[in-house]
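Novice: I am sharing coords.cif, which consists of mmCIF, C-alpha atoms, pLDDT in the B column; chains and numbers go by the auth columns:
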data_input
#
loop_
_atom_site.group_PDB
_atom_site.id
_atom_site.type_symbol
_atom_site.label_atom_id
_atom_site.label_comp_id
_atom_site.label_asym_id
_atom_site.label_seq_id
_atom_site.Cartn_x
_atom_site.Cartn_y
_atom_site.Cartn_z
_atom_site.B_iso_or_equiv
_atom_site.auth_seq_id
_atom_site.auth_asym_id
ATOM 1 C CA PHE A 1 -47.096 59.587 -94.685 66.00 182 A
ATOM 2 C CA PHE A 2 -49.939 60.287 -97.102 69.00 183 A
ATOM 3 C CA MET A 3 -47.587 61.696 -99.724 65.00 184 A
ATOM 4 C CA GLN A 4 -45.266 58.694 -99.472 70.00 185 A
ATOM 5 C CA LYS A 5 -48.173 56.284 -99.932 72.00 186 A
ATOM 6 C CA ALA A 6 -49.582 58.294 -102.838 70.00 187 A
ATOM 7 C CA THR A 7 -46.280 58.225 -104.750 66.00 188 A
ATOM 8 C CA SER A 8 -44.870 54.857 -103.629 71.00 189 A
ATOM 9 C CA LYS A 9 -45.872 53.232 -106.923 67.00 190 A
ATOM 10 C CA TRP A 10 -43.261 55.332 -108.749 61.00 191 A
ATOM 11 C CA GLN A 11 -40.517 55.665 -106.119 67.00 192 A
ATOM 12 C CA LYS A 12 -38.516 52.713 -107.439 63.00 193 A
ATOM 13 C CA ASP A 13 -38.420 54.232 -110.936 60.00 194 A
ATOM 14 C CA VAL A 14 -36.912 57.510 -109.751 62.00 195 A
ATOM 15 C CA GLU A 15 -33.199 57.653 -109.177 58.00 196 A
ATOM 16 C CA ALA A 16 -32.315 59.590 -106.031 58.00 197 A
ATOM 17 C CA ARG A 17 -30.042 62.544 -106.686 62.00 198 A
ATOM 18 C CA GLY A 18 -29.491 65.565 -104.507 58.00 199 A
ATOM 19 C CA LEU A 19 -29.620 66.191 -100.792 59.00 200 A
ATOM 20 C CA GLU A 20 -30.928 63.422 -98.578 67.00 201 A
ATOM 21 C CA SER A 21 -34.459 64.190 -97.303 74.00 202 A
ATOM 22 C CA ALA A 22 -34.521 67.537 -99.140 74.00 203 A
ATOM 23 C CA GLY A 23 -37.759 66.676 -100.921 77.00 204 A
ATOM 24 C CA LYS A 24 -39.389 65.779 -97.635 81.00 205 A
ATOM 25 C CA TRP A 25 -38.453 69.146 -96.104 83.00 206 A
ATOM 26 C CA ILE A 26 -39.442 71.070 -99.210 83.00 207 A
ATOM 27 C CA GLY A 27 -42.843 69.381 -99.114 86.00 208 A
ATOM 28 C CA ARG A 28 -43.340 70.152 -95.432 89.00 209 A
ATOM 29 C CA LEU A 29 -42.444 73.803 -95.909 89.00 210 A
ATOM 30 C CA GLU A 30 -44.722 74.051 -98.957 91.00 211 A
ATOM 31 C CA ARG A 31 -47.641 72.644 -96.995 92.00 212 A
ATOM 32 C CA ILE A 32 -47.026 75.061 -94.108 94.00 213 A
ATOM 33 C CA LEU A 33 -46.941 77.992 -96.545 94.00 214 A
ATOM 34 C CA ILE A 34 -50.079 76.852 -98.382 94.00 215 A
ATOM 35 C CA LEU A 35 -51.981 76.399 -95.128 95.00 216 A
ATOM 36 C CA THR A 36 -50.840 79.844 -93.967 95.00 217 A
ATOM 37 C CA PHE A 37 -51.901 81.412 -97.269 94.00 218 A
ATOM 38 C CA ILE A 38 -55.350 79.808 -97.105 94.00 219 A
ATOM 39 C CA LEU A 39 -55.976 80.785 -93.492 94.00 220 A
ATOM 40 C CA ASN A 40 -54.965 84.367 -94.368 94.00 221 A
ATOM 41 C CA GLU A 41 -57.093 84.316 -97.565 92.00 222 A
ATOM 42 C CA GLN A 42 -54.054 84.859 -99.803 94.00 223 A
ATOM 43 C CA PHE A 43 -55.080 82.349 -102.453 92.00 224 A
ATOM 44 C CA SER A 44 -53.090 83.969 -105.255 94.00 225 A
ATOM 45 C CA ALA A 45 -49.892 83.394 -103.249 94.00 226 A
ATOM 46 C CA ILE A 46 -50.383 79.654 -103.790 92.00 227 A
ATOM 47 C CA GLY A 47 -50.015 80.248 -107.524 91.00 228 A
ATOM 48 C CA TYR A 48 -46.813 82.196 -106.976 91.00 229 A
ATOM 49 C CA LEU A 49 -45.461 79.361 -104.819 90.00 230 A
ATOM 50 C CA LEU A 50 -46.266 76.798 -107.506 86.00 231 A
ATOM 51 C CA GLY A 51 -44.675 79.014 -110.158 86.00 232 A
ATOM 52 C CA ALA A 52 -41.514 79.510 -108.112 84.00 233 A
ATOM 53 C CA LYS A 53 -41.221 75.797 -107.460 80.00 234 A
ATOM 54 C CA SER A 54 -41.694 75.076 -111.158 77.00 235 A
ATOM 55 C CA ILE A 55 -38.841 77.380 -112.095 77.00 236 A
ATOM 56 C CA PHE A 56 -36.398 75.986 -109.534 71.00 237 A
ATOM 57 C CA ARG A 57 -37.357 72.299 -109.473 66.00 238 A
ATOM 58 C CA PHE A 58 -38.442 71.560 -113.023 61.00 239 A
ATOM 59 C CA GLY A 59 -35.983 73.760 -114.925 60.00 240 A
ATOM 60 C CA ASN A 60 -33.300 71.078 -115.188 59.00 241 A
ATOM 61 C CA LEU A 61 -35.698 68.139 -115.535 57.00 242 A
ATOM 62 C CA SER A 62 -37.112 68.905 -118.969 57.00 243 A
ATOM 63 C CA GLU A 63 -34.764 66.538 -120.818 62.00 244 A
ATOM 64 C CA ALA A 64 -36.226 63.261 -122.083 59.00 245 A
ATOM 65 C CA ASP A 65 -33.853 61.248 -119.867 59.00 246 A
ATOM 66 C CA ASN A 66 -35.420 62.794 -116.780 70.00 247 A
ATOM 67 C CA GLN A 67 -39.061 62.350 -117.785 73.00 248 A
ATOM 68 C CA LYS A 68 -39.855 59.796 -115.043 76.00 249 A
ATOM 69 C CA GLN A 69 -38.336 61.979 -112.350 75.00 250 A
ATOM 70 C CA THR A 70 -40.177 65.053 -113.652 76.00 251 A
ATOM 71 C CA GLU A 71 -43.506 63.218 -113.711 78.00 252 A
ATOM 72 C CA TYR A 72 -42.898 61.844 -110.208 77.00 253 A
ATOM 73 C CA ILE A 73 -42.204 65.338 -108.857 79.00 254 A
ATOM 74 C CA VAL A 74 -45.261 66.814 -110.581 81.00 255 A
ATOM 75 C CA ILE A 75 -47.536 64.062 -109.218 85.00 256 A
ATOM 76 C CA GLY A 76 -46.156 64.554 -105.713 85.00 257 A
ATOM 77 C CA THR A 77 -46.431 68.341 -105.905 86.00 258 A
ATOM 78 C CA LEU A 78 -50.011 68.356 -107.180 88.00 259 A
ATOM 79 C CA THR A 79 -51.100 65.709 -104.667 90.00 260 A
ATOM 80 C CA SER A 80 -49.484 67.660 -101.850 90.00 261 A
ATOM 81 C CA PHE A 81 -50.988 70.984 -102.950 91.00 262 A
ATOM 82 C CA THR A 82 -54.463 69.460 -103.396 93.00 263 A
ATOM 83 C CA ALA A 83 -54.473 67.740 -100.003 93.00 264 A
ATOM 84 C CA THR A 84 -53.214 70.833 -98.209 93.00 265 A
ATOM 85 C CA ILE A 85 -55.686 73.143 -99.951 94.00 266 A
ATOM 86 C CA LEU A 86 -58.575 70.866 -98.995 95.00 267 A
ATOM 87 C CA ILE A 87 -57.387 70.685 -95.388 95.00 268 A
ATOM 88 C CA GLY A 88 -56.914 74.456 -95.292 95.00 269 A
ATOM 89 C CA LEU A 89 -60.379 75.133 -96.692 95.00 270 A
ATOM 90 C CA PHE A 90 -61.867 72.681 -94.188 96.00 271 A
ATOM 91 C CA LEU A 91 -60.059 74.407 -91.310 95.00 272 A
ATOM 92 C CA LYS A 92 -61.135 77.808 -92.634 92.00 273 A
ATOM 93 C CA TYR A 93 -64.752 76.573 -92.682 94.00 274 A
ATOM 94 C CA ILE A 94 -64.515 75.269 -89.104 94.00 275 A
ATOM 95 C CA ILE A 95 -62.862 78.451 -87.809 91.00 276 A
ATOM 96 C CA SER A 96 -65.389 80.770 -89.528 83.00 277 A
#
Go ahead and express the file in the form of structure tokens.
Specialist:
Amino acid sequence: FFMQKATSKWQKDVEARGLESAGKWIGRLERILILTFILNEQFSAIGYLLGAKSIFRFGNLSEADNQKQTEYIVIGTLTSFTATILIGLFLKYIIS
């Protein structure tokens, strides 16, 4: 819900291509992995996850025609990562 609200301003500018709801599931799985990494103090793994996503998701979006879609994905990814990291650190603080 939070991610949809945070990126709703740009959703109309991005043409949907690909599997239906794939982005939603990718985001959910990313957040689960990030939370797991934080709770297990594997902070460097978050960087590897971001790097892997960059290679697979952004590799074909570097053309000028796809600039809006690329920017939309980057904004969503960074917002998602930031929110999940903050939640994970908060949970880690409460648990400790």
Novice: What separation in Å, quoted to one decimal, exists between atom CA of Ile213 of chain A and atom CA of Ile268 of chain A?
Specialist: 11.3 Å
Novice: State, in Å with one decimal place, the distance from atom CA of Thr263 of chain A to atom CA of Glu222 of chain A.
Specialist: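 We find that atom CA of Thr263 of chain A and atom CA of Glu222 of chain A lie 16.2 Å from each other.
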Novice: Just checking: using only C-alpha atoms, which residue out of A:Ile256, A:Ser277, A:Leu214, A:Leu270 ends up closest to Ala187 of chain A?
Specialist: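 Ranking A:Ile256, A:Ser277, A:Leu214, A:Leu270 by distance to Ala187 of chain A, first place goes to A:Ile256.
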Novice: Which residue gives the smallest distance to Ser189 of chain A among A:Phe237, A:Ala264, A:Gly269, A:Tyr253, with all atoms listed in the file counted?
Specialist: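 Of all the options, A:Tyr253 lies closest to Ser189 of chain A.
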Novice: Rounded to one decimal in Å, what is the spacing between atom CA of Lys234 of chain A and atom CA of Leu259 of chain A?
Specialist: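 Distance between the two atoms: 11.5 Å.
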Novice: Considering all atoms listed in the file, can you say which of A:Phe262, A:Ile254, A:Ile227, A:Lys249 comes closest to Arg209 of chain A?
Specialist: A:Phe262
Novice: Measuring between all atoms listed in the file, which one of A:Leu220, A:Gln248, A:Arg212, A:Ile236 shows the shortest distance to Phe271 of chain A?
Specialist: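 Of the candidates, the smallest distance to Phe271 of chain A is held by A:Leu220.
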Novice: Find the residue from A:Leu231, A:Ala203, A:Ala226, A:Leu272 that sits nearest to Val255 of chain A; use all atoms listed in the file when measuring.
Specialist: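 So, comparing all the options, the nearest one is A:Leu231.
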Novice: Once 4 Å is added on each side, what centre and edge lengths in Å to one decimal does the axis-aligned box around all listed atoms of segment 223-233 of chain A have, as JSON?
Specialist:
{"center_x": -48.3, "center_y": 80.8, "center_z": -105.0, "size_x": 21.6, "size_y": 16.1, "size_z": 18.4}
Novice: A:Gln250, A:Ser235, A:Thr265, A:Ser202: which is nearest Phe218 of chain A, counting all atoms listed in the file?
Specialist: A:Thr265
